[in-house]
file input10.txt (compact mmCIF, C-alpha atoms)
# COMPACT_ATOMS: atom_id res chain seq x y z
CA MET A 221 -1.45 -12.21 -11.65
CA ASP A 222 -0.27 -12.20 -8.02
CA LYS A 223 -3.26 -11.44 -5.77
CA ASN A 224 -0.99 -9.39 -3.50
CA ARG A 225 0.25 -7.15 -6.32
CA GLU A 226 -0.07 -3.46 -5.58
CA ILE A 227 0.22 -0.51 -7.94
CA ARG A 228 1.48 2.96 -7.07
CA GLY A 229 2.10 6.05 -9.16
CA ILE A 230 4.09 9.24 -8.86
CA SER A 231 3.85 12.63 -10.47
CA TYR A 232 7.43 12.70 -11.70
CA ARG A 233 7.43 13.33 -15.40
CA ALA A 234 9.19 10.92 -17.73
CA THR A 235 11.26 12.57 -20.44
CA VAL A 236 12.08 11.61 -24.01
CA ASP A 237 14.80 12.52 -26.47
CA GLU A 238 12.80 12.21 -29.68
CA GLU A 239 15.83 11.80 -31.93
CA SER A 240 17.37 8.91 -30.00
CA ARG A 241 13.99 7.64 -28.67
CA HIS A 242 15.58 7.53 -25.21
CA VAL A 243 13.02 7.62 -22.38
CA GLU A 244 13.77 8.03 -18.70
CA GLY A 245 11.99 8.81 -15.47
CA TYR A 246 11.47 7.72 -11.88
CA ALA A 247 9.07 4.89 -11.10
CA LEU A 248 9.14 5.52 -7.35
CA LEU A 249 10.57 8.04 -4.91
CA PHE A 250 11.92 7.30 -1.45
CA ASP A 251 10.79 9.02 1.75
CA LYS A 252 7.95 10.97 0.11
CA ASP A 253 4.48 10.82 1.61
CA SER A 254 1.76 9.66 -0.74
CA LYS A 255 -1.42 11.59 -1.27
CA PRO A 256 -4.00 10.60 1.37
CA MET A 257 -5.69 7.31 0.44
CA TRP A 258 -8.93 5.65 1.61
CA GLY A 259 -10.72 8.91 2.31
CA GLY A 260 -7.65 10.35 3.99
CA ASP A 261 -7.18 7.42 6.42
CA LEU A 262 -3.81 6.28 5.04
CA ILE A 263 -0.53 7.91 4.07
CA GLU A 264 2.20 5.74 2.61
CA ARG A 265 5.92 6.14 2.02
CA ILE A 266 8.69 3.95 0.67
CA ALA A 267 11.86 3.51 2.70
CA PRO A 268 15.26 3.75 0.96
CA THR A 269 15.81 0.09 1.95
CA ALA A 270 12.73 -1.10 0.03
CA LEU A 271 14.61 -2.18 -3.10
CA ASP A 272 17.60 -3.84 -1.42
CA GLY A 273 18.30 -6.99 -3.47
CA VAL A 274 15.04 -6.72 -5.44
CA LEU A 275 16.35 -5.80 -8.91
CA GLU A 276 18.80 -8.70 -8.91
CA ARG A 277 15.96 -11.21 -8.48
CA SER A 278 13.18 -9.56 -10.50
CA ASP A 279 12.07 -9.86 -14.11
CA VAL A 280 10.73 -6.34 -14.69
CA LEU A 281 8.78 -5.22 -17.74
CA CYS A 282 8.29 -1.66 -18.90
CA LEU A 283 4.67 -1.45 -20.04
CA MET A 284 2.30 1.26 -21.17
CA ASN A 285 -0.37 1.69 -18.47
CA HIS A 286 0.56 -1.69 -16.90
CA ASP A 287 -1.01 -3.39 -19.93
CA GLU A 288 1.11 -6.34 -21.06
CA SER A 289 -1.42 -7.25 -23.76
CA ARG A 290 -0.35 -4.19 -25.77
CA GLY A 291 3.29 -5.25 -25.87
CA VAL A 292 6.47 -4.62 -23.95
CA LEU A 293 8.49 -1.42 -24.23
CA ALA A 294 11.60 -2.81 -22.50
CA ARG A 295 12.65 -5.52 -20.05
CA SER A 296 15.17 -6.09 -17.27
CA ARG A 297 15.84 -9.69 -16.31
CA MET A 298 17.68 -9.77 -13.00
CA GLY A 299 19.35 -6.45 -13.79
CA GLU A 300 20.16 -7.12 -17.46
CA GLY A 301 18.34 -6.20 -20.66
CA SER A 302 16.88 -3.31 -22.64
CA LEU A 303 15.46 -1.67 -19.49
CA THR A 304 17.98 0.00 -17.19
CA LEU A 305 16.87 0.26 -13.57
CA THR A 306 18.99 2.30 -11.17
CA VAL A 307 18.46 2.86 -7.47
CA ASP A 308 19.82 6.21 -6.26
CA GLU A 309 19.22 8.48 -3.27
CA LYS A 310 16.01 9.78 -4.88
CA GLY A 311 14.37 6.47 -5.80
CA LEU A 312 14.11 4.02 -8.70
CA ARG A 313 15.13 5.50 -12.03
CA TYR A 314 14.26 3.72 -15.27
CA ALA A 315 15.66 4.29 -18.75
CA PHE A 316 15.24 2.61 -22.14
CA ASP A 317 15.17 3.30 -25.85
CA ALA A 318 11.59 3.12 -27.10
CA PRO A 319 11.18 0.31 -29.64
CA LYS A 320 10.38 1.14 -33.26
CA THR A 321 6.87 -0.26 -32.92
CA ALA A 322 3.39 1.24 -32.84
CA LEU A 323 3.52 1.15 -29.02
CA GLY A 324 6.94 2.82 -28.95
CA ASP A 325 5.72 5.51 -31.36
CA GLU A 326 2.60 6.09 -29.25
CA LEU A 327 4.71 6.51 -26.13
CA ILE A 328 7.09 9.00 -27.75
CA GLU A 329 4.21 11.07 -29.13
CA ALA A 330 2.35 10.99 -25.79
CA LEU A 331 5.48 12.10 -23.92
CA ARG A 332 6.25 14.81 -26.49
CA ARG A 333 2.72 16.21 -26.19
CA GLY A 334 2.64 15.91 -22.41
CA ASP A 335 -0.27 13.43 -22.47
CA ILE A 336 1.78 11.06 -20.36
CA ALA A 337 3.19 12.93 -17.43
CA GLU A 338 3.50 10.31 -14.72
CA SER A 339 4.96 6.90 -13.95
CA SER A 340 3.76 3.92 -11.98
CA PHE A 341 5.05 0.57 -10.74
CA ALA A 342 3.59 -2.80 -9.73
CA PHE A 343 5.01 -4.73 -6.77
CA THR A 344 4.40 -6.88 -3.72
CA VAL A 345 5.29 -5.97 -0.15
CA GLU A 346 7.57 -8.23 1.87
CA ARG A 347 7.78 -6.07 4.99
CA ASP A 348 6.02 -2.91 6.13
CA ASN A 349 5.61 -0.86 9.30
CA TRP A 350 2.35 0.73 10.42
CA GLU A 351 2.00 3.73 12.69
CA ARG A 352 -1.26 5.14 14.00
CA MET A 353 -1.09 8.92 14.04
CA GLU A 354 -2.61 11.16 16.72
CA ASP A 355 -5.47 12.10 14.38
CA GLY A 356 -6.42 8.42 13.95
CA THR A 357 -5.00 8.05 10.44
CA TYR A 358 -2.36 5.47 9.55
CA LYS A 359 1.10 5.85 8.12
CA ARG A 360 2.41 2.79 6.30
CA THR A 361 6.11 2.59 5.50
CA ILE A 362 7.08 0.00 2.91
CA VAL A 363 10.40 -1.27 4.29
CA GLN A 364 11.03 -4.10 1.80
CA ILE A 365 9.49 -4.82 -1.58
CA GLY A 366 9.14 -8.53 -2.28
CA GLN A 367 8.86 -8.50 -6.07
CA LEU A 368 8.92 -5.72 -8.65
CA TYR A 369 6.79 -6.63 -11.69
CA ASP A 370 6.73 -3.59 -13.93
CA VAL A 371 7.40 0.10 -14.33
CA SER A 372 5.00 1.96 -16.56
CA PRO A 373 4.64 5.39 -18.09
CA VAL A 374 0.92 6.03 -17.59
CA TYR A 375 -1.82 8.38 -18.71
CA TYR A 376 -3.44 8.15 -15.26
CA PRO A 377 -1.50 6.79 -12.30
CA ALA A 378 -3.32 4.25 -10.16
CA TYR A 379 -2.00 5.14 -6.74
CA GLU A 380 -3.96 2.64 -4.76
CA ASP A 381 -4.93 -0.92 -5.49
CA THR A 382 -8.49 -1.20 -4.26
CA THR A 383 -8.19 -4.75 -2.97
CA VAL A 384 -4.66 -5.30 -1.70
CA ALA A 385 -4.00 -1.98 0.01
CA LEU A 386 -7.47 -2.05 1.57
CA ARG A 387 -6.99 -5.63 2.82
CA SER A 388 -3.67 -4.63 4.34
CA MET A 389 -5.23 -1.65 6.11
CA GLU A 390 -8.22 -3.70 7.32
CA ARG A 391 -5.84 -6.37 8.68
CA ARG A 392 -3.94 -3.67 10.58
CA ARG A 393 -7.18 -2.27 12.08
CA ALA A 394 -8.30 -5.78 13.10
CA GLU A 395 -4.95 -6.40 14.83
CA GLU A 396 -5.32 -3.14 16.75
CA ASP A 397 -8.90 -4.02 17.74
CA GLU A 398 -7.79 -7.47 18.97
CA ARG A 399 -4.92 -5.96 20.95
CA ALA A 400 -7.23 -3.36 22.52
CA GLN A 401 -9.73 -6.09 23.45
CA ARG A 402 -6.99 -8.21 25.05
CA GLU A 403 -5.77 -5.21 27.04
CA LEU A 404 -9.33 -4.48 28.19
CA ASP A 405 -9.87 -8.14 29.15
CA ASP A 406 -6.58 -8.18 31.08
CA TYR A 407 -7.57 -4.98 32.88
CA TYR A 408 -10.95 -6.38 33.95
CA ASN A 409 -9.36 -9.70 34.96
CA SER A 410 -6.86 -7.88 37.16
CA ILE A 411 -9.69 -5.91 38.82
CA GLU A 412 -11.67 -9.11 39.41
CA LYS A 413 -8.61 -10.79 40.96
CA SER A 414 -7.90 -7.83 43.21
CA LEU A 415 -11.54 -7.82 44.41
CA ASN A 416 -11.64 -11.64 44.65
CA ILE A 417 -14.72 -11.84 42.39

call {"tool": "encode", "arguments": {"input": "input10.txt", "output": "structure tokens"}}
result
Amino acid sequence: MDKNREIRGISYRATVDEESRHVEGYALLFDKDSKPMWGGDLIERIAPTALDGVLERSDVLCLMNHDESRGVLARSRMGEGSLTLTVDEKGLRYAFDAPKTALGDELIEALRRGDIAESSFAFTVERDNWERMEDGTYKRTIVQIGQLYDVSPVYYPAYEDTTVALRSMERRRAEEDERAQRELDDYYNSIEKSLNI
């Protein structure tokens, strides 16, 4: 598993047509602020550019709860396969016909009963922008996704990956601290030069 893989979830309900076993939903939404993460220190959003060129180079699985060991519900290899992934103005829409397997049956029953009400996706970040807000919190905009690994109907969405997202935020804070220290050092150096100390 890629050590930089992150997982995010959304509260956009997947739907199922029980007769045809057709399932569809959104794995991610563009330009929507996340719930506050890390004790309220971080808000995240995904730019509409984030998936440019990604689907054409990704092998994406549709899993239940991101758990490949249980089996695969559908798959899209570089845009082709039993999993249809579509980028529209809202976000990334996924659609597939649930397989006639125990996992497919479990998914259909869970969707029918409302036990599964959310979706999630696993990915890596190629490019992001950070902004420090006036209240001291951070806003991270994911500008470009590097790799999309899976989309998953989930019982509980895991919005934040406790290692990767935290490392990314800590790196950003360290960069700001270093920049502030350099600015302070430059300020004191300029004072010393002006006073000939």

call {"tool": "residues_around", "arguments": {"input": "input10.txt", "residues": "Leu281 in chain A", "least_positions_apart": "2", "cutoff": "7 Å", "atoms": "all atoms listed in the file", "output": "PDB file with C-alpha atoms, in the frame of the given file"}}
result
ATOM      1  CA  ASP A 279      12.070  -9.860 -14.110  1.00  0.00           C
ATOM      2  CA  LEU A 283       4.670  -1.450 -20.040  1.00  0.00           C
ATOM      3  CA  VAL A 292       6.470  -4.620 -23.950  1.00  0.00           C
ATOM      4  CA  ALA A 294      11.600  -2.810 -22.500  1.00  0.00           C
ATOM      5  CA  ARG A 295      12.650  -5.520 -20.050  1.00  0.00           C
ATOM      6  CA  SER A 296      15.170  -6.090 -17.270  1.00  0.00           C
ATOM      7  CA  TYR A 369       6.790  -6.630 -11.690  1.00  0.00           C
ATOM      8  CA  ASP A 370       6.730  -3.590 -13.930  1.00  0.00           C
ATOM      9  CA  VAL A 371       7.400   0.100 -14.330  1.00  0.00           C
TER      10      VAL A 371
END

call {"tool": "residues_around", "arguments": {"input": "input10.txt", "residues": "Ile365 in chain A", "least_positions_apart": "6", "cutoff": "6 Å", "atoms": "only C-alpha atoms", "output": "VMD selection string"}}
result
chain A and resid 270 to 271 344 to 346

call {"tool": "write_last_selection", "arguments": {"input": "input10.txt", "atoms": "C-alpha atoms", "output": "mmCIF file, keeping the file's coordinate frame"}}
result
data_model
loop_
_atom_site.group_PDB
_atom_site.id
_atom_site.type_symbol
_atom_site.label_atom_id
_atom_site.label_comp_id
_atom_site.auth_asym_id
_atom_site.auth_seq_id
_atom_site.Cartn_x
_atom_site.Cartn_y
_atom_site.Cartn_z
ATOM 1 C CA ALA A 270 12.730 -1.100 0.030
ATOM 2 C CA LEU A 271 14.610 -2.180 -3.100
ATOM 3 C CA THR A 344 4.400 -6.880 -3.720
ATOM 4 C CA VAL A 345 5.290 -5.970 -0.150
ATOM 5 C CA GLU A 346 7.570 -8.230 1.870
#

call {"tool": "closest_residue", "arguments": {"input": "input10.txt", "among": "A:Gly260, A:Gly334, A:Gly229, A:Gly366", "to": "Ala247 in chain A", "atoms": "all atoms listed in the file"}}
result
A:Gly229

call {"tool": "closest_residue", "arguments": {"input": "input10.txt", "among": "A:Arg228, A:Ile362, A:Glu288, A:Gly299", "to": "Pro268 in chain A", "atoms": "all atoms listed in the file"}}
result
A:Ile362

call {"tool": "residues_near_point", "arguments": {"input": "input10.txt", "point": "(5.1, -4.2, -7.8)", "cutoff": "6 Å", "atoms": "only C-alpha atoms", "output": "list of chain:residue names"}}
result
A:Arg225, A:Glu226, A:Phe341, A:Ala342, A:Phe343, A:Thr344, A:Gln367, A:Leu368, A:Tyr369

call {"tool": "residues_near_point", "arguments": {"input": "input10.txt", "point": "(13.4, 2.8, -29.1)", "cutoff": "8 Å", "atoms": "all atoms listed in the file", "output": "list in words"}}
result
Ser240, Arg241, His242, Phe316, Asp317, Ala318, Pro319, Lys320 and Gly324 of chain A

call {"tool": "atom_distance", "arguments": {"input": "input10.txt", "atom1": "CA of Lys310 in chain A", "atom2": "CA of Met298 in chain A"}}
result
21.2 Å

call {"tool": "atom_distance", "arguments": {"input": "input10.txt", "atom1": "CA of Asp348 in chain A", "atom2": "CA of Pro373 in chain A"}}
result
25.6 Å

call {"tool": "atom_distance", "arguments": {"input": "input10.txt", "atom1": "CA of Tyr375 in chain A", "atom2": "CA of Arg313 in chain A"}}
result
18.4 Å

call {"tool": "closest_residue", "arguments": {"input": "input10.txt", "among": "A:Ser278, A:Asn224, A:Thr235, A:Thr269", "to": "Thr361 in chain A", "atoms": "all atoms listed in the file"}}
result
A:Thr269

call {"tool": "residues_around", "arguments": {"input": "input10.txt", "residues": "Ala315 in chain A", "least_positions_apart": "2", "cutoff": "7 Å", "atoms": "all atoms listed in the file", "output": "list of chain:residue names"}}
result
A:Val243, A:Glu244, A:Gly245, A:Leu303, A:Thr304, A:Leu305, A:Arg313

call {"tool": "closest_residue", "arguments": {"input": "input10.txt", "among": "A:Leu248, A:Leu293, A:Ile227, A:Leu312", "to": "Tyr376 in chain A", "atoms": "all atoms listed in the file"}}
result
A:Ile227

call {"tool": "closest_residue", "arguments": {"input": "input10.txt", "among": "A:Glu329, A:Glu309, A:Asp287, A:Glu403", "to": "Val374 in chain A", "atoms": "all atoms listed in the file"}}
result
A:Asp287
